[in-house]
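Content type mmCIF, C-alpha atoms, from the file protein-v7.cif:
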data_model
#
loop_
_atom_site.label_atom_id
_atom_site.label_comp_id
_atom_site.auth_asym_id
_atom_site.auth_seq_id
_atom_site.Cartn_x
_atom_site.Cartn_y
_atom_site.Cartn_z
CA MET A 1018 10.42 -4.65 22.53
CA SER A 1019 7.16 -2.67 22.77
CA LEU A 1020 4.55 -2.83 20.03
CA HIS A 1021 5.52 0.74 19.08
CA ASP A 1022 9.19 -0.23 18.81
CA GLN A 1023 8.23 -3.16 16.61
CA VAL A 1024 6.12 -0.94 14.36
CA MET A 1025 8.95 1.59 14.05
CA ALA A 1026 11.57 -1.12 13.47
CA GLU A 1027 9.45 -2.56 10.69
CA ALA A 1028 8.91 0.95 9.29
CA ALA A 1029 12.69 1.52 9.23
CA ARG A 1030 13.22 -1.82 7.51
CA ILE A 1031 10.61 -1.12 4.82
CA GLN A 1032 11.91 2.44 4.34
CA GLY A 1033 15.35 0.93 3.82
CA LEU A 1034 14.06 -1.11 0.89
CA GLY A 1035 13.50 2.12 -1.07
CA GLU A 1036 11.46 2.13 -4.28
CA THR A 1037 9.75 -1.04 -5.41
CA ALA A 1038 10.89 -2.57 -8.67
CA GLY A 1039 8.01 -0.92 -10.51
CA ARG A 1040 4.61 -2.09 -11.62
CA GLU A 1041 3.34 -1.69 -15.17
CA ALA A 1042 -0.06 -0.17 -15.87
CA ARG A 1043 -2.53 -2.78 -17.13
CA ASP A 1044 -3.10 -0.79 -20.33
CA PRO A 1045 -1.23 1.95 -22.14
CA VAL A 1046 -2.71 5.45 -21.80
CA ASN A 1047 -5.78 5.23 -24.02
CA GLN A 1048 -8.65 7.39 -25.26
CA PRO A 1049 -11.55 5.12 -24.19
CA THR A 1050 -10.42 5.20 -20.56
CA ILE A 1051 -9.94 8.98 -20.82
CA ASN A 1052 -13.45 9.30 -22.30
CA ASN A 1053 -15.02 7.30 -19.43
CA TRP A 1054 -13.19 9.49 -16.94
CA LEU A 1055 -14.22 12.74 -18.66
CA GLU A 1056 -17.88 11.64 -18.79
CA ALA A 1057 -17.96 10.58 -15.14
CA MET A 1058 -16.28 13.80 -13.98
CA GLY A 1059 -18.46 15.90 -16.27
CA ASN A 1060 -15.22 17.36 -17.59
CA THR A 1061 -15.83 18.98 -20.98
CA ASN A 1062 -12.29 20.28 -21.50
CA PRO A 1063 -11.90 19.96 -25.30
CA ARG A 1064 -8.14 19.55 -24.88
CA PHE A 1065 -8.66 15.89 -23.88
CA ALA A 1066 -11.49 15.06 -26.28
CA ALA A 1067 -10.99 12.31 -28.85
CA GLY A 1068 -11.05 14.71 -31.78
CA SER A 1069 -8.65 17.29 -30.35
CA GLY A 1070 -5.69 15.78 -32.14
CA ARG A 1071 -3.50 16.48 -29.11
CA GLY A 1072 -3.55 13.01 -27.58
CA GLU A 1073 -3.14 14.27 -24.03
CA ALA A 1074 -4.51 12.66 -20.88
CA PRO A 1075 -5.85 14.75 -17.96
CA PRO A 1076 -3.03 15.23 -15.44
CA SER A 1077 -5.06 14.06 -12.44
CA MET A 1078 -5.57 10.72 -14.21
CA ALA A 1079 -1.89 9.87 -13.61
CA GLN A 1080 -2.73 7.46 -10.80
CA VAL A 1081 -5.68 5.93 -12.67
CA TRP A 1082 -3.43 4.07 -15.13
CA THR A 1083 -1.71 2.05 -12.43
CA MET A 1084 -4.69 1.33 -10.19
CA TYR A 1085 -4.91 -2.37 -9.36
CA GLY A 1086 -8.37 -2.75 -10.89
CA LEU A 1087 -11.09 -5.10 -9.75
CA GLY A 1088 -9.59 -7.92 -7.71
CA GLY A 1089 -6.04 -6.69 -8.25
CA LYS A 1090 -3.65 -7.17 -5.37
CA PRO A 1091 -0.50 -5.35 -4.34
CA PRO A 1092 2.67 -7.41 -4.85
CA ALA A 1093 4.19 -8.97 -1.72
CA ASP A 1094 7.06 -6.46 -1.71
CA ASP A 1095 4.82 -3.36 -1.94
CA PRO A 1096 6.11 -1.10 0.86
CA LEU A 1097 2.82 0.66 1.58
CA HIS A 1098 0.91 -2.61 1.69
CA GLY A 1099 3.60 -4.16 3.90
CA MET A 1100 3.43 -1.28 6.37
CA MET A 1101 -0.38 -1.43 6.40
CA ASN A 1102 -0.21 -5.12 7.29
CA VAL A 1103 2.17 -4.43 10.16
CA LEU A 1104 -0.19 -1.82 11.60
CA THR A 1105 -3.29 -3.95 11.03
CA ASP A 1106 -1.57 -6.76 12.92
CA ALA A 1107 -0.75 -4.29 15.71
CA GLY A 1108 -4.47 -3.47 16.06
CA TYR A 1109 -4.62 -0.32 13.91
CA THR A 1110 -7.22 -1.79 11.60
CA ALA A 1111 -8.94 1.24 10.05
CA VAL A 1112 -7.56 3.49 7.34
CA LEU A 1113 -8.37 7.01 6.21
CA GLY A 1114 -6.70 9.03 3.46
CA THR A 1115 -5.60 12.41 4.79
CA ASN A 1116 -3.27 14.01 2.21
CA CYS A 1117 -2.59 13.59 -1.46
CA GLU A 1118 0.05 15.73 -3.15
CA GLN A 1119 0.55 15.12 -6.84
CA GLU A 1120 3.09 16.79 -9.11
CA TYR A 1121 2.73 16.52 -12.85
CA VAL A 1122 6.04 16.81 -14.64
CA ARG A 1123 4.21 16.65 -17.96
CA TYR A 1124 0.90 15.45 -19.34
CA LEU A 1125 0.77 11.83 -20.43
CA ARG A 1126 0.00 11.01 -24.04
CA VAL A 1127 -2.18 8.34 -25.59
CA GLY A 1128 -0.14 5.23 -26.29
CA GLU A 1129 2.39 5.67 -23.52
CA GLN A 1130 3.02 2.78 -21.15
CA VAL A 1131 3.21 3.95 -17.54
CA ARG A 1132 5.02 2.25 -14.67
CA VAL A 1133 4.79 3.15 -10.98
CA THR A 1134 7.17 2.63 -8.08
CA THR A 1135 6.31 3.09 -4.42
CA ALA A 1136 8.49 3.78 -1.41
CA LEU A 1137 7.63 4.22 2.24
CA ASP A 1138 8.43 7.83 3.10
CA SER A 1139 7.64 8.03 6.81
CA VAL A 1140 5.66 6.55 9.67
CA VAL A 1141 4.72 8.94 12.51
CA GLY A 1142 2.85 8.04 15.67
CA PRO A 1143 1.11 6.98 17.68
CA LYS A 1144 -1.03 10.13 17.59
CA GLN A 1145 -4.33 10.78 19.28
CA THR A 1146 -6.74 11.91 16.56
CA ALA A 1147 -10.46 12.58 16.29
CA MET A 1148 -10.80 9.13 14.72
CA GLY A 1149 -8.81 7.33 17.40
CA GLU A 1150 -5.18 6.52 18.10
CA GLY A 1151 -3.19 5.97 14.96
CA TYR A 1152 -0.05 6.27 12.87
CA PHE A 1153 0.36 8.56 9.86
CA VAL A 1154 1.89 6.56 7.04
CA THR A 1155 3.29 8.50 4.08
CA SER A 1156 4.28 6.82 0.85
CA ARG A 1157 5.85 8.25 -2.27
CA SER A 1158 4.80 7.03 -5.69
CA THR A 1159 6.66 7.87 -8.88
CA TRP A 1160 5.25 7.33 -12.34
CA TYR A 1161 7.60 6.66 -15.21
CA VAL A 1162 7.41 6.38 -18.97
CA GLY A 1163 10.55 4.47 -19.77
CA SER A 1164 13.14 6.08 -17.48
CA GLU A 1165 11.42 9.49 -17.52
CA VAL A 1166 9.59 10.63 -14.39
CA VAL A 1167 6.19 11.94 -15.48
CA ALA A 1168 4.39 12.39 -12.13
CA THR A 1169 4.94 11.94 -8.40
CA MET A 1170 2.65 11.63 -5.41
CA LEU A 1171 3.02 11.89 -1.67
CA PHE A 1172 0.11 10.03 -0.14
CA ARG A 1173 -0.61 10.03 3.58
CA VAL A 1174 -3.08 7.87 5.41
CA LEU A 1175 -4.05 7.60 9.04
CA LYS A 1176 -3.98 3.97 10.11
CA TYR A 1177 -5.95 3.93 13.34
CA LYS A 1178 -7.82 1.97 15.98
CA PRO A 1179 -11.47 2.93 15.61
CA ARG A 1180 -12.67 4.25 18.97
CA SER A 1181 -15.44 1.71 19.41
CA VAL A 1182 -13.01 -1.10 18.73
CA VAL A 1183 -10.54 0.26 21.27
CA GLU A 1184 -13.21 0.36 23.93
CA GLU A 1185 -14.78 -2.99 23.17
CA ARG A 1186 -11.73 -5.04 22.36
CA ALA A 1187 -8.85 -3.60 24.31
CA PRO A 1188 -8.81 -6.20 27.11
CA ALA A 1189 -9.13 -9.06 24.63
CA SER A 1190 -6.30 -7.76 22.49
CA VAL A 1191 -3.99 -7.84 25.49
CA SER A 1192 -4.68 -11.44 26.36
CA LYS A 1193 -5.11 -12.71 22.80
CA PRO A 1194 -2.72 -10.84 20.52
CA GLU A 1195 -2.50 -13.77 18.09
CA THR A 1196 -3.05 -11.57 15.05
CA PHE A 1197 0.44 -10.06 15.30
CA VAL A 1198 3.07 -11.82 13.24
CA LEU A 1199 6.75 -10.92 13.25
CA ARG A 1200 7.54 -10.94 9.56
CA PRO A 1201 10.83 -12.12 8.19
CA MET A 1202 12.69 -10.00 5.66
CA GLN A 1203 11.41 -10.63 2.16
CA ASN A 1204 13.30 -9.09 -0.71
CA ARG A 1205 14.71 -9.96 -4.10
CA ASP A 1206 17.50 -12.04 -2.53
CA THR A 1207 15.13 -14.16 -0.44
CA GLU A 1208 12.07 -14.13 -2.71
CA PHE A 1209 12.80 -17.62 -4.09
CA PHE A 1210 12.76 -19.03 -0.55
CA TRP A 1211 9.37 -17.54 0.37
CA ASP A 1212 7.91 -18.40 -3.03
CA GLY A 1213 9.04 -21.94 -2.20
CA THR A 1214 7.40 -22.14 1.20
CA ALA A 1215 4.18 -20.76 -0.31
CA ALA A 1216 4.34 -23.60 -2.84
CA GLY A 1217 5.16 -26.22 -0.19
CA GLU A 1218 8.85 -26.46 -1.10
CA LEU A 1219 11.85 -25.92 1.14
CA ARG A 1220 14.41 -24.32 -1.18
CA ILE A 1221 18.14 -24.07 -0.63
CA GLN A 1222 20.19 -21.53 -2.53
CA SER A 1223 22.83 -23.06 -4.78
CA CYS A 1224 25.82 -21.69 -6.64
CA ASN A 1225 25.44 -22.11 -10.39
CA ALA A 1226 29.22 -21.94 -10.79
CA CYS A 1227 30.51 -24.52 -8.28
CA GLY A 1228 27.29 -26.16 -7.13
CA ALA A 1229 27.78 -25.43 -3.41
CA LEU A 1230 24.63 -25.04 -1.33
CA ARG A 1231 24.29 -22.22 1.17
CA PHE A 1232 21.93 -20.89 3.81
CA PRO A 1233 20.91 -18.19 4.57
CA PRO A 1234 20.59 -16.82 1.03
CA GLY A 1235 23.12 -14.24 -0.05
CA PRO A 1236 24.33 -12.56 -3.21
CA ALA A 1237 27.69 -14.34 -3.52
CA CYS A 1238 28.87 -17.91 -3.09
CA PRO A 1239 30.99 -18.17 0.08
CA ASP A 1240 33.00 -21.01 -1.54
CA CYS A 1241 33.94 -19.59 -4.94
CA GLY A 1242 32.59 -16.02 -4.86
CA ALA A 1243 30.38 -16.42 -7.93
CA LEU A 1244 27.22 -14.30 -8.11
CA ASP A 1245 25.28 -16.64 -10.41
CA ARG A 1246 22.82 -18.45 -8.18
CA GLY A 1247 19.94 -20.87 -8.31
CA HIS A 1248 18.27 -23.19 -5.87
CA VAL A 1249 17.52 -26.84 -5.17
CA VAL A 1250 14.49 -28.25 -3.38
CA ALA A 1251 15.39 -29.89 -0.09
CA SER A 1252 14.10 -33.32 0.85
CA GLY A 1253 12.69 -31.71 3.96
CA ARG A 1254 14.43 -34.21 6.24
CA GLY A 1255 16.98 -33.31 8.86
CA THR A 1256 18.11 -33.78 12.43
CA VAL A 1257 18.16 -31.50 15.44
CA PHE A 1258 21.66 -30.05 15.74
CA SER A 1259 20.79 -27.80 18.67
CA TYR A 1260 17.78 -26.07 20.19
CA VAL A 1261 16.53 -23.52 22.71
CA VAL A 1262 13.33 -23.41 24.73
CA HIS A 1263 12.21 -19.80 24.55
CA ARG A 1264 10.36 -18.94 27.79
CA HIS A 1265 11.08 -15.22 28.04
CA PRO A 1266 10.75 -12.43 26.88
CA PRO A 1267 7.17 -12.54 25.54
CA VAL A 1268 6.66 -12.72 21.79
CA PRO A 1269 3.65 -10.82 20.42
CA GLY A 1270 0.92 -13.15 19.31
CA ARG A 1271 2.52 -16.29 20.70
CA ASP A 1272 2.02 -18.51 23.72
CA LEU A 1273 5.29 -19.46 25.38
CA PRO A 1274 7.38 -21.53 25.50
CA ILE A 1275 8.38 -21.76 21.85
CA LEU A 1276 10.89 -24.41 20.77
CA ILE A 1277 13.47 -23.20 18.29
CA ALA A 1278 15.83 -25.69 16.69
CA VAL A 1279 18.89 -25.55 14.50
CA VAL A 1280 18.23 -28.28 11.98
CA ASP A 1281 20.94 -30.13 10.04
CA LEU A 1282 19.40 -30.74 6.63
CA GLU A 1283 20.27 -33.89 4.68
CA GLU A 1284 21.67 -31.59 1.99
CA GLY A 1285 24.31 -30.27 4.40
CA VAL A 1286 23.09 -26.80 5.36
CA ARG A 1287 21.58 -25.70 8.68
CA MET A 1288 18.37 -23.76 9.17
CA VAL A 1289 16.75 -22.29 12.25
CA GLY A 1290 13.07 -23.03 12.71
CA GLU A 1291 10.30 -23.73 15.16
CA LEU A 1292 9.64 -27.28 16.40
CA VAL A 1293 5.88 -27.61 16.56
CA ASN A 1294 4.77 -31.01 17.85
CA VAL A 1295 7.09 -31.81 20.72
CA GLU A 1296 7.31 -30.94 24.43
CA PRO A 1297 10.50 -29.31 25.74
CA ASP A 1298 11.48 -32.37 27.78
CA ASP A 1299 11.18 -34.67 24.79
CA ILE A 1300 13.60 -32.91 22.46
CA LYS A 1301 16.87 -34.75 21.87
CA ILE A 1302 19.92 -33.64 19.97
CA GLY A 1303 20.11 -35.70 16.80
CA MET A 1304 16.42 -36.53 16.65
CA PRO A 1305 15.03 -36.72 13.10
CA VAL A 1306 12.66 -33.98 11.97
CA THR A 1307 10.75 -33.17 8.79
CA VAL A 1308 9.67 -29.84 7.44
CA ASP A 1309 6.08 -28.67 7.39
CA PHE A 1310 4.59 -25.35 6.28
CA ARG A 1311 2.49 -22.96 8.30
CA ARG A 1312 0.51 -20.59 6.12
CA ILE A 1313 0.15 -17.21 7.87
CA ASP A 1314 -1.58 -15.26 5.06
CA ASP A 1315 -1.28 -14.60 1.33
CA ASP A 1316 2.14 -13.05 1.81
CA LEU A 1317 3.80 -15.39 4.22
CA THR A 1318 4.18 -19.12 4.75
CA LEU A 1319 6.69 -20.17 7.40
CA PRO A 1320 8.61 -23.45 7.39
CA VAL A 1321 8.31 -25.33 10.70
CA TRP A 1322 9.70 -28.68 11.86
CA ARG A 1323 7.99 -31.79 13.17
CA THR A 1324 9.55 -34.77 14.85
CA SER A 1325 9.36 -37.67 12.46
CA MET B 1124 -3.39 37.74 -6.95
CA GLY B 1125 -6.31 37.74 -4.55
CA ASP B 1126 -8.65 37.08 -7.48
CA VAL B 1127 -11.61 34.95 -6.49
CA LEU B 1128 -12.80 32.09 -8.68
CA ALA B 1129 -16.55 31.83 -9.16
CA PRO B 1130 -17.94 29.07 -6.95
CA TRP B 1131 -19.14 25.74 -8.37
CA GLU B 1132 -21.91 23.70 -6.77
CA LEU B 1133 -21.93 20.04 -7.64
CA PRO B 1134 -24.83 17.87 -6.44
CA ILE B 1135 -23.49 14.51 -5.25
CA THR B 1136 -25.56 11.61 -6.56
CA PRO B 1137 -25.05 7.84 -6.22
CA THR B 1138 -24.40 7.81 -9.96
CA LEU B 1139 -21.65 10.41 -9.64
CA VAL B 1140 -19.96 8.52 -6.78
CA VAL B 1141 -20.14 5.15 -8.55
CA SER B 1142 -19.34 6.27 -12.09
CA THR B 1143 -16.30 8.29 -11.00
CA ALA B 1144 -15.05 5.47 -8.76
CA ILE B 1145 -15.19 3.03 -11.69
CA ALA B 1146 -13.79 5.59 -14.15
CA THR B 1147 -10.80 6.06 -11.83
CA ARG B 1148 -10.48 2.25 -11.59
CA ASP B 1149 -11.06 2.31 -7.83
CA PHE B 1150 -13.14 -0.72 -6.89
CA GLN B 1151 -13.13 -0.31 -3.11
CA ASP B 1152 -16.59 -1.32 -1.93
CA VAL B 1153 -17.18 1.92 0.02
CA HIS B 1154 -17.40 3.75 -3.29
CA HIS B 1155 -20.08 1.61 -4.95
CA ASP B 1156 -21.86 -0.67 -2.44
CA ARG B 1157 -24.05 1.09 0.11
CA ASP B 1158 -24.67 -2.04 2.22
CA LEU B 1159 -20.96 -2.71 2.61
CA ALA B 1160 -20.19 0.99 3.15
CA GLN B 1161 -22.71 1.07 5.99
CA GLY B 1162 -21.30 -2.19 7.29
CA HIS B 1163 -17.93 -0.43 7.60
CA GLY B 1164 -19.57 2.31 9.69
CA SER B 1165 -20.15 4.91 6.96
CA LYS B 1166 -23.47 6.66 6.47
CA ASP B 1167 -23.43 5.84 2.77
CA ILE B 1168 -21.03 5.40 -0.14
CA PHE B 1169 -18.67 8.34 -0.63
CA LEU B 1170 -16.45 9.96 -3.27
CA ASN B 1171 -13.01 8.43 -3.68
CA ILE B 1172 -9.81 10.45 -3.48
CA LEU B 1173 -8.93 10.17 -7.17
CA THR B 1174 -12.28 11.77 -7.93
CA SER B 1175 -11.77 14.60 -5.43
CA ASN B 1176 -8.51 15.24 -7.29
CA GLY B 1177 -10.20 15.10 -10.68
CA LEU B 1178 -12.95 17.47 -9.60
CA VAL B 1179 -10.38 19.94 -8.26
CA GLU B 1180 -8.64 19.84 -11.65
CA ARG B 1181 -11.99 20.39 -13.39
CA TYR B 1182 -12.93 23.33 -11.16
CA VAL B 1183 -9.66 25.18 -11.68
CA THR B 1184 -9.43 24.57 -15.44
CA ASP B 1185 -13.12 25.36 -15.98
CA ARG B 1186 -12.56 28.67 -14.24
CA LEU B 1187 -9.08 29.66 -15.44
CA GLY B 1188 -9.13 28.25 -18.96
CA HIS B 1189 -9.07 24.79 -20.47
CA ASP B 1190 -5.62 25.24 -21.98
CA ILE B 1191 -3.95 26.11 -18.71
CA ASP B 1192 -1.32 23.56 -17.63
CA VAL B 1193 -1.82 22.04 -14.19
CA LEU B 1194 1.54 21.43 -12.50
CA GLY B 1195 0.39 19.97 -9.22
CA ILE B 1196 -2.57 19.32 -6.94
CA ALA B 1197 -1.95 19.07 -3.19
CA ILE B 1198 -5.06 18.33 -1.18
CA ARG B 1199 -5.95 17.60 2.38
CA LEU B 1200 -8.96 15.34 2.81
CA GLY B 1201 -11.65 15.96 5.37
CA ALA B 1202 -15.36 15.21 5.60
CA PRO B 1203 -16.72 12.49 3.31
CA ALA B 1204 -18.86 13.53 0.32
CA HIS B 1205 -22.01 11.39 0.43
CA PRO B 1206 -24.88 11.23 -2.09
CA TYR B 1207 -27.65 13.85 -1.68
CA ASP B 1208 -25.13 16.36 -0.35
CA THR B 1209 -23.74 19.27 -2.38
CA LEU B 1210 -20.03 19.77 -2.94
CA THR B 1211 -19.32 23.49 -3.26
CA PHE B 1212 -15.96 24.54 -4.62
CA THR B 1213 -14.48 27.98 -4.01
CA GLY B 1214 -11.04 29.27 -4.91
CA THR B 1215 -8.66 32.19 -4.62
CA VAL B 1216 -5.45 33.02 -6.44
CA ALA B 1217 -2.94 32.92 -3.57
CA SER B 1218 0.24 33.86 -5.42
CA VAL B 1219 1.80 34.29 -8.82
CA GLU B 1220 5.55 33.80 -8.98
CA ASP B 1221 7.92 33.00 -11.82
CA GLY B 1222 5.03 32.21 -14.12
CA VAL B 1223 3.38 29.81 -11.69
CA ALA B 1224 0.07 30.66 -10.03
CA THR B 1225 -0.97 28.94 -6.82
CA ILE B 1226 -4.71 28.65 -6.33
CA ASP B 1227 -6.19 27.93 -2.90
CA VAL B 1228 -9.15 25.63 -3.36
CA ARG B 1229 -11.82 24.49 -0.94
CA GLY B 1230 -14.57 21.95 -1.54
CA ALA B 1231 -17.20 21.98 1.21
CA VAL B 1232 -20.08 19.62 2.01
CA SER B 1233 -22.70 19.86 4.76
CA LEU B 1234 -20.35 18.07 7.20
CA GLY B 1235 -17.55 20.59 6.65
CA ASP B 1236 -14.56 20.76 4.31
CA HIS B 1237 -14.36 17.71 2.06
CA VAL B 1238 -11.15 18.90 0.48
CA THR B 1239 -8.82 21.86 0.95
CA GLY B 1240 -5.57 22.47 -0.82
CA THR B 1241 -3.63 24.17 -3.55
CA VAL B 1242 -3.41 23.80 -7.29
CA ARG B 1243 -0.36 25.07 -9.10
CA VAL B 1244 -0.84 26.15 -12.70
CA ARG B 1245 1.39 27.71 -15.31
CA ALA B 1246 0.21 31.30 -15.39
#
Conversion result in structure tokens:
Amino acid sequence: MSLHDQVMAEAARIQGLGETAGREARDPVNQPTINNWLEAMGNTNPRFAAGSGRGEAPPSMAQVWTMYGLGGKPPADDPLHGMMNVLTDAGYTAVLGTNCEQEYVRYLRVGEQVRVTTALDSVVGPKQTAMGEGYFVTSRSTWYVGSEVVATMLFRVLKYKPRSVVEERAPASVSKPETFVLRPMQNRDTEFFWDGTAAGELRIQSCNACGALRFPPGPACPDCGALDRGHVVASGRGTVFSYVVHRHPPVPGRDLPILIAVVDLEEGVRMVGELVNVEPDDIKIGMPVTVDFRRIDDDLTLPVWRTS
Amino acid sequence: MGDVLAPWELPITPTLVVSTAIATRDFQDVHHDRDLAQGHGSKDIFLNILTSNGLVERYVTDRLGHDIDVLGIAIRLGAPAHPYDTLTFTGTVASVEDGVATIDVRGAVSLGDHVTGTVRVRA
């Protein structure tokens, strides 16, 4: 699969996730924040002044309420952030805002608590632009008060390879593409698993009705059909049930071969994972392995297996 | 329709760039830290998008009346607005339909158009 195909496949996956669950503004709509904004903008519109008695916020402040703030970080499931990471990993490191289209359904009022959702609208590219080769990434944000839509925004950025970087680093990026990571699906069904790996725990989904363990995670228990689910923490010990030595095709960012094993966990479920400290000729069916964790970045820690 | 809004010239200062960035709760370093902005390849700090939006709102409501309701702002972003440049807004009433006026707005700096777009207001 070409890098472009990977980018578009990831775009399709993230688009398929739809709107994020929604993120609350840090503070309710409030007059002091409006006052700071009015002063900085030099906006003297009396309609928004403290003494107006109208309690309205300027419409173009809609986005201000849900900005991350100093040091704030997008949640792991944020679609725009996820798509940006994919493109950064593919070498499109620079970003430039190109379009911002906001619709104000109504003016916000002091005291209202705003919530924003984001969805990935489209990814178009690669395009040759004045800035360099890049993809146009369009996201759609929707602001709510309760269940009422109060404002929407289409926001488009160009995520591009700066020209100088393309010229200076192109040969290196072909031979050393280690920054690209194929990301597993992370969503509400699998969140507990990835939260676990980030915390150094290998978690197995369990049925709260009948107690059966299952992997991979899913909404319903395959034994009894119950939807109520929890998880247990695995011991991290298992044995190699089967394995493959992956020599071809190439995997972006990885030196081949890669050893992929199906591991029988002590708890009775099987997981697929990479074997990291063994040569292909030394793998044996039935050999004991223990889990280890490979931190990729803030959003992803992968479980891997070591011979024990 | 076809009415021209009086232009507005806004001198860009470091204080304007920084105070509006913080007032819009945008803490990206390129909007308040010249050393880091230059490290990223920019000439200087520059206005953030939320501020471009806010200034477009101010221009149209200052010109057409403070009580006018703004229904939408759609802008295309171009040249960066750096300190010691001047941002000059101009506007034209492009259409009035079903009680909604669409205003074409342009905000130019020395490098070219910083922002172009439309503002829809309840006429």
What are the residues of chain A lining chain B at 10 Å or less? Count all atoms listed in the file, and put the answer as a short mmCIF file (atom, residue, chain, number, x, y, z; two decimals) with C-alpha atoms, in the coordinates of the input.
data_model
loop_
_atom_site.label_atom_id
_atom_site.label_comp_id
_atom_site.auth_asym_id
_atom_site.auth_seq_id
_atom_site.Cartn_x
_atom_site.Cartn_y
_atom_site.Cartn_z
CA THR A 1050 -10.42 5.20 -20.56
CA ILE A 1051 -9.94 8.98 -20.82
CA ASN A 1052 -13.45 9.30 -22.30
CA ASN A 1053 -15.02 7.30 -19.43
CA TRP A 1054 -13.19 9.49 -16.94
CA LEU A 1055 -14.22 12.74 -18.66
CA GLU A 1056 -17.88 11.64 -18.79
CA ALA A 1057 -17.96 10.58 -15.14
CA MET A 1058 -16.28 13.80 -13.98
CA GLY A 1059 -18.46 15.90 -16.27
CA ASN A 1060 -15.22 17.36 -17.59
CA THR A 1061 -15.83 18.98 -20.98
CA ASN A 1062 -12.29 20.28 -21.50
CA PRO A 1063 -11.90 19.96 -25.30
CA ARG A 1064 -8.14 19.55 -24.88
CA PHE A 1065 -8.66 15.89 -23.88
CA PRO A 1075 -5.85 14.75 -17.96
CA PRO A 1076 -3.03 15.23 -15.44
CA SER A 1077 -5.06 14.06 -12.44
CA MET A 1078 -5.57 10.72 -14.21
CA ALA A 1079 -1.89 9.87 -13.61
CA GLN A 1080 -2.73 7.46 -10.80
CA VAL A 1081 -5.68 5.93 -12.67
CA TRP A 1082 -3.43 4.07 -15.13
CA THR A 1083 -1.71 2.05 -12.43
CA MET A 1084 -4.69 1.33 -10.19
CA TYR A 1085 -4.91 -2.37 -9.36
CA GLY A 1086 -8.37 -2.75 -10.89
CA LEU A 1087 -11.09 -5.10 -9.75
CA GLY A 1088 -9.59 -7.92 -7.71
CA GLY A 1089 -6.04 -6.69 -8.25
CA ALA A 1111 -8.94 1.24 10.05
CA LEU A 1113 -8.37 7.01 6.21
CA GLY A 1114 -6.70 9.03 3.46
CA THR A 1115 -5.60 12.41 4.79
CA ASN A 1116 -3.27 14.01 2.21
CA CYS A 1117 -2.59 13.59 -1.46
CA GLU A 1118 0.05 15.73 -3.15
CA GLN A 1119 0.55 15.12 -6.84
CA GLU A 1120 3.09 16.79 -9.11
CA TYR A 1121 2.73 16.52 -12.85
CA VAL A 1122 6.04 16.81 -14.64
CA ARG A 1123 4.21 16.65 -17.96
CA TYR A 1124 0.90 15.45 -19.34
CA ALA A 1168 4.39 12.39 -12.13
CA THR A 1169 4.94 11.94 -8.40
CA MET A 1170 2.65 11.63 -5.41
CA LEU A 1171 3.02 11.89 -1.67
CA PHE A 1172 0.11 10.03 -0.14
CA ARG A 1173 -0.61 10.03 3.58
CA VAL A 1174 -3.08 7.87 5.41
#
_To one decimal place in Å, what is the distance between CA of Ile1300 (chain A) and CA of Gly1217 (chain A)?_
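It comes out at 25.1 Å.
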_What does the structure give for the distance between CA of Arg1030 (chain A) and CA of Phe1209 (chain A), in Å to one decimal?_
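A separation of 19.6 Å between them.
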*asked:* As a check of understanding, name the residues that the PyMOL selection byres ((chain A and resi 1094-1100) around 7) selects in the supplied structure, as a list in words.
replied: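 Output from the PyMOL selection byres ((chain A and resi 1094-1100) around 7), applied to this file: Ala1028, Ile1031, Thr1037, Pro1091, Pro1092, Ala1093, Met1101, Asn1102, Val1103, Leu1104, Thr1135, Ala1136, Leu1137, Ser1156 and Asn1204 of chain A.
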_Once the PyMOL selection byres ((chain B and resi 1226) around 10) has been evaluated on this model, what residues remain selected, and can you format them as an NGL selection string?_
:B and (1124-1128 or 1183 or 1196 or 1214-1219 or 1223-1225 or 1227-1229 or 1240-1244)
Store the residues picked out above in a file with C-alpha atoms, as a PDB file, in the coordinates of the input.
ATOM      1  CA  MET B1124      -3.390  37.740  -6.950  1.00  0.00           C
ATOM      2  CA  GLY B1125      -6.310  37.740  -4.550  1.00  0.00           C
ATOM      3  CA  ASP B1126      -8.650  37.080  -7.480  1.00  0.00           C
ATOM      4  CA  VAL B1127     -11.610  34.950  -6.490  1.00  0.00           C
ATOM      5  CA  LEU B1128     -12.800  32.090  -8.680  1.00  0.00           C
ATOM      6  CA  VAL B1183      -9.660  25.180 -11.680  1.00  0.00           C
ATOM      7  CA  ILE B1196      -2.570  19.320  -6.940  1.00  0.00           C
ATOM      8  CA  GLY B1214     -11.040  29.270  -4.910  1.00  0.00           C
ATOM      9  CA  THR B1215      -8.660  32.190  -4.620  1.00  0.00           C
ATOM     10  CA  VAL B1216      -5.450  33.020  -6.440  1.00  0.00           C
ATOM     11  CA  ALA B1217      -2.940  32.920  -3.570  1.00  0.00           C
ATOM     12  CA  SER B1218       0.240  33.860  -5.420  1.00  0.00           C
ATOM     13  CA  VAL B1219       1.800  34.290  -8.820  1.00  0.00           C
ATOM     14  CA  VAL B1223       3.380  29.810 -11.690  1.00  0.00           C
ATOM     15  CA  ALA B1224       0.070  30.660 -10.030  1.00  0.00           C
ATOM     16  CA  THR B1225      -0.970  28.940  -6.820  1.00  0.00           C
ATOM     17  CA  ASP B1227      -6.190  27.930  -2.900  1.00  0.00           C
ATOM     18  CA  VAL B1228      -9.150  25.630  -3.360  1.00  0.00           C
ATOM     19  CA  ARG B1229     -11.820  24.490  -0.940  1.00  0.00           C
ATOM     20  CA  GLY B1240      -5.570  22.470  -0.820  1.00  0.00           C
ATOM     21  CA  THR B1241      -3.630  24.170  -3.550  1.00  0.00           C
ATOM     22  CA  VAL B1242      -3.410  23.800  -7.290  1.00  0.00           C
ATOM     23  CA  ARG B1243      -0.360  25.070  -9.100  1.00  0.00           C
ATOM     24  CA  VAL B1244      -0.840  26.150 -12.700  1.00  0.00           C
TER      25      VAL B1244
END
